[in-house]
Amino acid sequence: MEPIVWEWVNFLVRWLHVITAIAWIGSSFYFIHLDLSLRRRDGLPNGVAGEAWQVHGGGFYNMMKYTVAPAELPEKLTWFKWESYATWLSGFALLSVLYYHGATLYMIDPAVLDIPWWGAVLLSLGALGLGWHVYDRLCKSPLGKDDAKLAAAGFVFLVLVAWGLSHLFSGRAAMLHVGALIGTIMSANVFRIIIPNQTKAVAAMKAGQVPDPALGKQAKQRSLHNNYLTLPVVFLMISNHYPLAFGTRYSWVIVAVVLVVGAVIRHFFNSRHAGKPTPWWTWAVAAAGVAVIVGLSAAGTRTESAAAPAKVEFAQVEEVVLSRCSMCHAAQPVWEGIGVPPRGVMLDSAEAISRHAPQIRTWAALSDAMPPGNVTGITPEERRLLAAWADQLPR
């Protein structure tokens with residue numbers, strides 16, 4: 001029963017993570033849209049930066065934003081923070097259930113770095129903690145006074161992290177950990193900067209003082225970072241389902257391109273919300289970025305070998321698959337901790353192997369996603385043989 005229980009724990013924690021992420025992203029996108037769509041007019045109360053009229057659900061809403069704080073504190077305030085905290089906590093729980101519990105399969109690739117499971121977990125925790133600290137220092141450094149320079153420094157930092165993690169973990173774990181770090185940065189921005197600054201502003205008002213405008217400015221900068229990082233982090237979090245994203249030679253470069261693509265798409269919508277000229281050029285940049293990603297994913301695995309024979313016999317393919325894949329992809333997997341064949345794919349017969357040729361090509365030939373962590377020791381030559389076999393099959 002243990003593998004079945006863990007499978008359901010994984011599913012339910014993943015469901016919770018998706019629910020909380022929807023709530024957080026939805027509120028974040030809404031308030032960025034609201035902030036950018038505010039317009040000034042005569043007659044607004046003192047301290048109001050602008051207002052926006054909205055219609056939803058059959059009713060009209062008149063929204064106003066105070067630059068620092070209203071003259072009097074309202075009796076009730078709605079705080080938007082639990083969505084962020086719940087998203088990070090459920091995400092970390094999912095990381096623990098799937099990756100820490102299955103570190104041998106999902107995190108460690110002996111060809112990259114042969115370490116025990118606990119070493120991989122410690123590296124993961126260290127990367128998340130140190131990554132937040134470096135980002136926070138960058139924001140509080142002189143670079144933080146210039147949004148463009150800070151954005152460039154943050155981009156370089158995240159690309160270096162992606163490159164570094166690709167030399168510590170399997171491709172799957174490396175890309176997901178970049179997403180986990182960005183998610184940690186975003187949630188820590190809320191927990192360590194945005195909410196504390198808002199709390200200080202409320203406390204100042206209760207004490208009859210005027211809140212420090214710098215608190216709001218700092219919180220807004222971190223909120224803007226979260227806004228531009230949202231689309232890349234969603235890509236990175238779902239990347240573990242797509243081997244051509246994480247299991248190829250230039251996966252860390254793909255991360256860099258995704259950061260740009262996600263940012264320009266957000267820039268398009270942010271500009272539209274602010275009433276600025278529509279930056280249609282962003283879609284050309286995004287399309288070019290996607291084309292680059294597709295091209296990079298075709299570069300093959302991180303290890304190369306001599307070309308496979310032009311003609312591959314099925315018996316050769318069957319031997320490779322049965323010896324490298326069938327211990328998990330069988331009606332009754334024999335690998336400890338796996339109760340059912342992953343994705344329902346069984347590769348324990350000649351007929352099953354032929355039927356799943358496209359999946360074998362994508363997961364084990366064009367990428368090194370399977371076997372996870374290369375636990376069965378498939379060789380580069382065997383991957384090339386599988387690729388050649390799949391290529392010669394009728395389409």
# chains A, B, ... in the order shown; residues from 1 in each chain; ligands from 1

call {"tool": "residues_around", "arguments": {"residues": "Arg343 in chain A", "least_positions_apart": "2", "cutoff": "12 Å", "atoms": "only C-alpha atoms", "output": "compact mmCIF listing (two decimals) with C-alpha atoms, in the first residue's frame"}}
result
# COMPACT_ATOMS: atom_id res chain seq x y z
CA GLU A 7 1.03 8.49 -5.07
CA HIS A 241 6.32 16.92 -17.60
CA CYS A 328 9.49 0.30 -13.75
CA HIS A 329 7.38 0.14 -16.91
CA ALA A 330 5.75 -3.20 -16.18
CA ALA A 331 2.37 -4.36 -14.95
CA ILE A 338 6.85 2.53 -7.61
CA GLY A 339 3.47 0.85 -7.36
CA VAL A 340 2.18 1.33 -10.90
CA PRO A 341 3.94 1.83 -14.25
CA VAL A 345 3.24 3.00 -19.95
CA MET A 346 4.30 -0.66 -19.97
CA LEU A 347 7.40 -1.70 -21.89
CA HIS A 356 5.22 3.35 -27.39
CA GLN A 359 7.40 8.16 -26.12

call {"tool": "residues_around", "arguments": {"residues": "Gly275 in chain A", "least_positions_apart": "4", "cutoff": "9 Å", "atoms": "only C-alpha atoms", "output": "PyMOL selection string"}}
result
chain A and resi 36-37+270-271

call {"tool": "write_last_selection", "arguments": {"atoms": "C-alpha atoms", "output": "compact mmCIF listing (two decimals), in the first residue's frame"}}
result
# COMPACT_ATOMS: atom_id res chain seq x y z
CA LEU A 36 -1.61 50.47 -13.78
CA SER A 37 -5.15 51.43 -14.80
CA ASN A 270 1.19 45.87 -18.26
CA SER A 271 1.55 48.49 -20.99

call {"tool": "atom_distance", "arguments": {"atom1": "CA of Leu168 in chain A", "atom2": "CA of Met370 in chain A"}}
result
17.6 Å

call {"tool": "closest_residue", "arguments": {"among": "A:Val18, A:Val121, A:Leu176, A:Ala188", "to": "Phe235 in chain A", "atoms": "only C-alpha atoms"}}
result
A:Leu176

call {"tool": "residues_around", "arguments": {"residues": "range 263-265 of chain A", "least_positions_apart": "4", "cutoff": "10 Å", "atoms": "only C-alpha atoms", "output": "NGL selection string"}}
result
:A and (225 or 227-232 or 257-259 or 269-270 or 279-286)

call {"tool": "residues_around", "arguments": {"residues": "range 210-215 of chain A", "least_positions_apart": "3", "cutoff": "6 Å", "atoms": "only C-alpha atoms", "output": "ChimeraX atom specification"}}
result
/A:68,197,201,204,218

call {"tool": "closest_residue", "arguments": {"among": "A:Val178, A:Ile108, A:Ala49, A:Leu16", "to": "Asn374 in chain A", "atoms": "only C-alpha atoms"}}
result
A:Ile108
